[in-house]
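This report refers to the structure that appears directly beneath it.
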Number of protein chains: 4
Amino acid sequence: MPQPPGHGPGYETKRWEIVDLAAGLFARKGYAATGINEIGEAAGLSKGALYYYIGSKENLLVEIQGRVMLPLLGTARRITALDADPLLRLRLLSESLLSMIMRRLEYIWVYEHDYRQLGEENRLRLKQQRDEFEAIVTGLLEEAMELGLFRPMDARLAMLQFLNLHNHTYQWVRPGGAWDARLLAREYCATLFAGFATGGTAGGGSIGGLEERVLAFLEAHPELVLDPSDDLSGAAA
Amino acid sequence: MPQPPGHGPGYETKRWEIVDLAAGLFARKGYAATGINEIGEAAGLSKGALYYYIGSKENLLVEIQGRVMLPLLGTARRITALDADPLLRLRLLSESLLSMIMRRLEYIWVYEHDYRQLGEENRLRLKQQRDEFEAIVTGLLEEAMELGLFRPMDARLAMLQFLNLHNHTYQWVRPGGAWDARLLAREYCATLFAGFATGGTAGGGSIGGLEERVLAFLEAHPELVLDPSDDLSGAAA
Amino acid sequence: MPQPPGHGPGYETKRWEIVDLAAGLFARKGYAATGINEIGEAAGLSKGALYYYIGSKENLLVEIQGRVMLPLLGTARRITALDADPLLRLRLLSESLLSMIMRRLEYIWVYEHDYRQLGEENRLRLKQQRDEFEAIVTGLLEEAMELGLFRPMDARLAMLQFLNLHNHTYQWVRPGGAWDARLLAREYCATLFAGFATGGTAGGGSIGGLEERVLAFLEAHPELVLDPSDDLSGAAA
Amino acid sequence: MPQPPGHGPGYETKRWEIVDLAAGLFARKGYAATGINEIGEAAGLSKGALYYYIGSKENLLVEIQGRVMLPLLGTARRITALDADPLLRLRLLSESLLSMIMRRLEYIWVYEHDYRQLGEENRLRLKQQRDEFEAIVTGLLEEAMELGLFRPMDARLAMLQFLNLHNHTYQWVRPGGAWDARLLAREYCATLFAGFATGGTAGGGSIGGLEERVLAFLEAHPELVLDPSDDLSGAAA
DNA sequence: AATGAATGAGGTTTCATTCAT
DNA sequence: GATGAATGAAACCTCATTCAT
């Protein structure tokens with residue numbers, strides 16, 4: 001803990017405000033491109049006073065990451081421990097995650113974007129927490145497979161699909177817009193659960209034979225995907 | 001009359017190498033956190049010589065963005081113009097996109113991460129190209145709905161799901177690992193196509209009644225998602 | 001509530017010293033040829049501390065221009081408003097201008113030499129102030145003509161003669177030398193007032209017929225002024 | 001001479017063009033603020049080729065100074081040697097000088113502005129030439145005094161008035177405007193010759209008693225010229 | 001609890017010049 | 001005669017951080 005001992009009563013409040021403010025600035029311009037000066041100006045504090053509260057620039061980043069990761073992990077732990085079927089729990093996790101994304105969008109921007117700017121120690125700790133979160137999701141998906149609610153599949157890949165779908169949302173979502181966390185959770189889970197339940201690659205149904213047609217098509221038109229022998233210089237041409 | 005001064009034959013080659021190198025550094029550390037010095041050292045060039053090739057740091061960013069966006073857009077245009085059913089074209093687009101992500105992962109990192117560091121003009125141009133790409137995806141999804149291959153749904157939300165699933169992949173994928181672009185495209189499309197074809201929110205099937213149970217559950221355990229009245233200060237407690 | 005961050009009491013004093021110092025360096029070497037490093041060394045400040053005071057190099061130039069132009073314009077306004085005949089006011093203006101030149105010679109060097117290095121905005125503002133100064137001089141000269149103290153003449157050309165005579169003085173004057181501002185003002189005004197009162201081009205008196213003789217002479221010896229058809233290459237020969 | 005031996009026939013021509021071009025650029029932006037790159041671009045030459053012709057940046061400056069000073073001095077020598085009265089010769093010198101200013105305005109800008117950027121050796125040589133020019137003017141003025149055409153006065157101060165009036169003209173004159181060299185020479189000489197002939201400080205005539213009134217006025221209103229005890233900090237107030 | 005001042009390293013970019021080809 | 005490429009120093013400026021008061 002960087003702060004010296006013996007802070008007054010307003011210390012934590014002010015510190016909180018500054019972190020909040022920094023989250024907004026970091027979200028907009030990126031951590032590395034935001035100066036301590038800007039934060040000080042936004043907070044109406046001289047640099048000396050600012051450092052009294054924050055200790056260092058990286059501390060701000062650490063704090064922001066924590067304010068995303070800790071509640072997220074806490075909720076995930078609580079949800080996974082519920083006595084309910086895995087689909088319900090995944091659906092609750094989905095809403096919880098999207099709710100965090102929409103309610104703390106600026107924190108999420110920083111969390112998703114700038115975690116690589118953390119020092120080694122902090123980065124490792126964050127990584128462990130992320131791993132735990134991923135493990136929780138994976139566990140729920142495996143439960144659903146074991147119950148036959150989902151077809152057998154690579155659980156890790158399923159987890160990554162789940163997280164891709166949710167975690168990229170911050171890039172375009174507008175809190176206060178037409179779509180709230182509940183709606184998005186409903187839609188995402190509808191897609192995923194149906195997708196994970198039926199079909200699959202071998203699948204029949206309406207998309208039967210799709211993969212065979214893809215192969216045939218690509219054999220005829222290899223230029224439709226990037227040529228694997230492309231040395232990248234083709235882009236300029 | 002002598003030809004006006006310009007650049008020699010090796011210029012573009014060297015320039016290419018430098019951009020490639022910069023993409024790697026930017027991907028690892030972020031654009032703003034990467035210094036011109038590092039690029040120069042990596043390229044074995046003095047700062048002066050480096051600027052002879054790059055003009056400015058932002059030029060590097062622009063070039064990187066272009067080397068992602070332009071081939072991507074070109075392929076998307078060619079695919080959407082194909083005489084094939086929309087599912088096949090979406091599947092081809094998926095593989096093409098994932099192929100780009102895997103083959104130019106460092107470029108993609110920069111493309112996804114640092115587009116906001118572009119100057120206004122360049123950022124606008126890039127935005128238009130991204131919009132066109134999104135419009136192509138949306139169009140294919142709408143075709144599939146009209147043919148009854150997908151249930152009726154918000155096409156824009158469907159497009160965003162499609163792109164979330166694909167575009168977040170760069171965060172964890174390892175080229176040369178067990179999963180190649182084709183496999184991922186197959187899995188992603190399997191999920192999406194099945195999800196978009198059946199069920200949906202109102203849905204029956206195996207997840208019938210899920211939403212009702214969610215509501216009941218959340219009423220009993222409101223702490224399972226972030227409390228909407230949370231002023232964020234709860235996270236620290 | 002603490003006062004918002006700002007500058008301490010010694011700030012303006014130090015800033016003043018730095019500007020003064022910069023004026024000396026700019027005067028000696030020219031604005032563009034003087035580096036920020038030199039100023040920092042002269043001031044005994046690191047570059048960071050220097051910028052704490054100056055903001056930018058151009059700010060120094062702006063400040064220097066202002067410290068010449070503003071008092072000059074203020075004095076000119078006060079003088080022109082006096083209830084006294086125009087010759088007296090011109091004579092006062094002359095001494096005031098020369099006094100400024102001699103007492104702030106280094107500022108004047110920069111003012112006369114480097115105003116073109118100002119950014120567009122600052123250059124325009126300065127231009128307006130210079131125009132006002134010129135208008136004041138022109139007005140006084142016109143008053144003198146209307147009173148019959150000066151012969152009728154092009155007032156603008158008279159103003160330019162007045163200013164040529166004064167403003168070029170900085171190039172050779174040595175403060176502390178034999179000539180002070182009062183002496184120079186007396187001499188310049190004696191020359192100008194007598195010159196503007198009598199004679200003129202058509203003139204009789206001692207220089208009667210001079211122009212006719214000039215024409216005759218130049219017809220006989222056209223090489224005495226630069227040949228108008230000279231393509232400049234003759235100088236090298 | 002910086003150029004290596006054995007140049008082709010076009011060498012001098014091209015060199016001439018480049019110097020001319022550089023004079024234009026230097027005049028507009030100042031010597032120090034103009035880059036070699038700009039000159040190369042303007043000339044359509046690569047930097048290597050440019051250096052083949054110019055040797056160094058300072059060489060350009062030396063050349064420009066020479067193209068002003070040498071013809072000026074040559075003409076002045078020829079004029080002063082004429083068998084004609086000193087007023088006529090001064091009048092011819094005036095027109096010759098103004099003709100140079102108007103016909104080579106860009107050279108004059110550089111000549112007047114940037115002579116201090118010359119290296120020591122070149123600056124000294126130029127100084128000697130300027131001194132000779134001043135001596136010629138001083139000599140003519142002394143002749144006029146001896147003949148009784150001018151009142152007795154400080155010849156050096158008279159010379160400086162003559163040169164102030166002429167040499168500052170480049171700051172505002174527009175070649176091709178309403179005033180040509182002849183007109184300006186006529187006006188300047190009319191002013192100077194009348195001013196130098198009559199009156200003077202002790203003078204009677206129309207401005208009798210002016211200096212006494214000035215002294216009285218300044219005693220009553222000392223703020224009308226810069227306060228000699230002004231420590232410069234008054235300007236900010 | 002907070003301030004203004006200072007630091008020193010580093011940021012991106014431009015400079016005049018050289019030289020092998 | 002002329003080129004493109006390279007250099008290394010220097011340009012102006014901003015950085016995160018510290019500290020006496």
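Chain labels follow the order of the structure tokens: the first chain is A, the next B, and so on; residue numbering restarts at 1 in every chain, and ligands are counted from 1 in their shown order.
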
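Matched residue by residue, the Cα atoms of chain D sit on those of chain B with an RMSD of 2.5 Å after a least-squares fit.
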
_Long-range neighbours of DT3 of chain F as number ranges by chain, 9 Å cut-off, only C-alpha atoms (C1' of nucleotides), 6 positions minimum in chain_ = B: 5-6, 8; D: 46-49; E: 21

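As for atom C1' of DT17 of chain F and atom CA of Thr13 of chain C, they are spaced 25.9 Å apart.
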
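Residues of chain F lying within 9 Å of chain A, counting only C-alpha atoms (C1' of nucleotides), are DT14, DC15, DA16, DT17 and DT18 of chain F.
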
*Using only C-alpha atoms, which chain D residues lie at most 6 Å away from chain C, written as a ChimeraX atom specification?*
/D:32-33,67,75,96,164-165,168,190-191,194-195,200,225,235

Let me see the file: selected residues, all heavy atoms, as a CSV table (one decimal), in the first residue's frame.
chain,number,residue,atom,x,y,z
D,32,ALA,N,18.3,31.4,-40.7
D,32,ALA,CA,18.3,30.3,-39.7
D,32,ALA,C,17.1,29.4,-39.8
D,32,ALA,O,17.2,28.2,-39.6
D,32,ALA,CB,18.5,30.8,-38.3
D,33,ALA,N,16.0,30.0,-40.1
D,33,ALA,CA,14.7,29.2,-40.1
D,33,ALA,C,14.5,28.5,-41.5
D,33,ALA,O,13.5,27.9,-41.6
D,33,ALA,CB,13.6,30.1,-39.8
D,67,ARG,N,26.6,39.8,-53.6
D,67,ARG,CA,25.8,40.3,-54.7
D,67,ARG,C,25.1,41.6,-54.4
D,67,ARG,O,24.6,42.2,-55.2
D,67,ARG,CB,24.8,39.2,-55.2
D,67,ARG,CG,25.5,38.0,-55.8
D,67,ARG,CD,24.5,37.1,-56.4
D,67,ARG,NE,25.2,35.8,-56.7
D,67,ARG,CZ,24.6,34.8,-57.2
D,67,ARG,NH1,23.3,34.8,-57.4
D,67,ARG,NH2,25.2,33.7,-57.5
D,75,THR,N,29.5,51.0,-57.5
D,75,THR,CA,28.8,52.2,-58.0
D,75,THR,C,29.1,53.4,-57.1
D,75,THR,O,29.3,54.5,-57.6
D,75,THR,CB,27.2,51.9,-57.9
D,75,THR,OG1,26.9,50.7,-58.6
D,75,THR,CG2,26.5,53.1,-58.5
D,96,SER,N,20.9,55.2,-56.7
D,96,SER,CA,21.6,54.0,-56.9
D,96,SER,C,21.3,53.0,-55.8
D,96,SER,O,21.0,51.8,-56.0
D,96,SER,CB,23.1,54.2,-57.0
D,96,SER,OG,23.8,53.0,-56.8
D,164,ASN,N,20.0,55.6,-42.4
D,164,ASN,CA,18.8,55.2,-41.8
D,164,ASN,C,17.6,55.4,-42.8
D,164,ASN,O,16.8,54.4,-43.0
D,164,ASN,CB,18.5,56.1,-40.6
D,164,ASN,CG,19.1,55.6,-39.3
D,164,ASN,OD1,19.9,54.7,-39.4
D,164,ASN,ND2,18.8,56.3,-38.2
D,165,LEU,N,17.6,56.5,-43.4
D,165,LEU,CA,16.4,56.9,-44.2
D,165,LEU,C,16.4,55.9,-45.4
D,165,LEU,O,15.3,55.4,-45.8
D,165,LEU,CB,16.6,58.3,-44.7
D,165,LEU,CG,15.4,59.0,-45.3
D,165,LEU,CD1,14.2,58.9,-44.3
D,165,LEU,CD2,15.7,60.5,-45.5
D,168,HIS,N,16.3,51.6,-44.3
D,168,HIS,CA,15.1,51.0,-43.7
D,168,HIS,C,14.0,50.8,-44.7
D,168,HIS,O,13.0,50.1,-44.4
D,168,HIS,CB,14.6,51.8,-42.5
D,168,HIS,CG,14.0,51.0,-41.4
D,168,HIS,ND1,14.6,50.1,-40.7
D,168,HIS,CD2,12.7,51.0,-41.0
D,168,HIS,CE1,13.8,49.5,-39.8
D,168,HIS,NE2,12.6,50.1,-40.0
D,190,ALA,N,15.3,65.5,-51.0
D,190,ALA,CA,14.7,66.8,-50.7
D,190,ALA,C,14.7,67.1,-49.2
D,190,ALA,O,15.0,68.1,-48.7
D,190,ALA,CB,13.3,66.9,-51.3
D,191,THR,N,14.2,66.0,-48.5
D,191,THR,CA,14.1,66.2,-47.1
D,191,THR,C,15.5,66.4,-46.5
D,191,THR,O,15.7,67.3,-45.7
D,191,THR,CB,13.5,64.9,-46.5
D,191,THR,OG1,12.3,64.6,-47.1
D,191,THR,CG2,13.4,65.0,-45.0
D,194,ALA,N,17.4,69.8,-47.6
D,194,ALA,CA,16.8,71.0,-46.9
D,194,ALA,C,17.0,70.9,-45.4
D,194,ALA,O,17.4,72.0,-44.8
D,194,ALA,CB,15.2,71.0,-47.2
D,195,GLY,N,16.9,69.8,-44.9
D,195,GLY,CA,17.1,69.6,-43.4
D,195,GLY,C,18.6,69.9,-43.0
D,195,GLY,O,18.9,70.6,-42.0
D,200,GLY,N,18.6,73.5,-38.0
D,200,GLY,CA,19.4,72.8,-37.0
D,200,GLY,C,18.9,73.0,-35.6
D,200,GLY,O,17.9,73.8,-35.5
D,225,VAL,N,7.9,60.2,-21.9
D,225,VAL,CA,8.9,59.3,-22.4
D,225,VAL,C,9.2,58.2,-21.3
D,225,VAL,O,8.8,58.4,-20.2
D,225,VAL,CB,10.3,60.0,-22.7
D,225,VAL,CG1,10.1,61.0,-23.8
D,225,VAL,CG2,10.9,60.6,-21.5
D,235,ALA,N,6.1,47.7,-17.8
D,235,ALA,CA,5.3,47.4,-19.1
D,235,ALA,C,4.2,46.4,-18.8
D,235,ALA,O,3.2,46.4,-19.4
D,235,ALA,CB,6.3,46.8,-20.1

_Who sits within 8 Å of DA11 of chain F, only C-alpha atoms (C1' of nucleotides), same chain under 3 positions skipped, as JSON, numbers by chain_ = {"C": [35], "E": [13, 14, 15]}
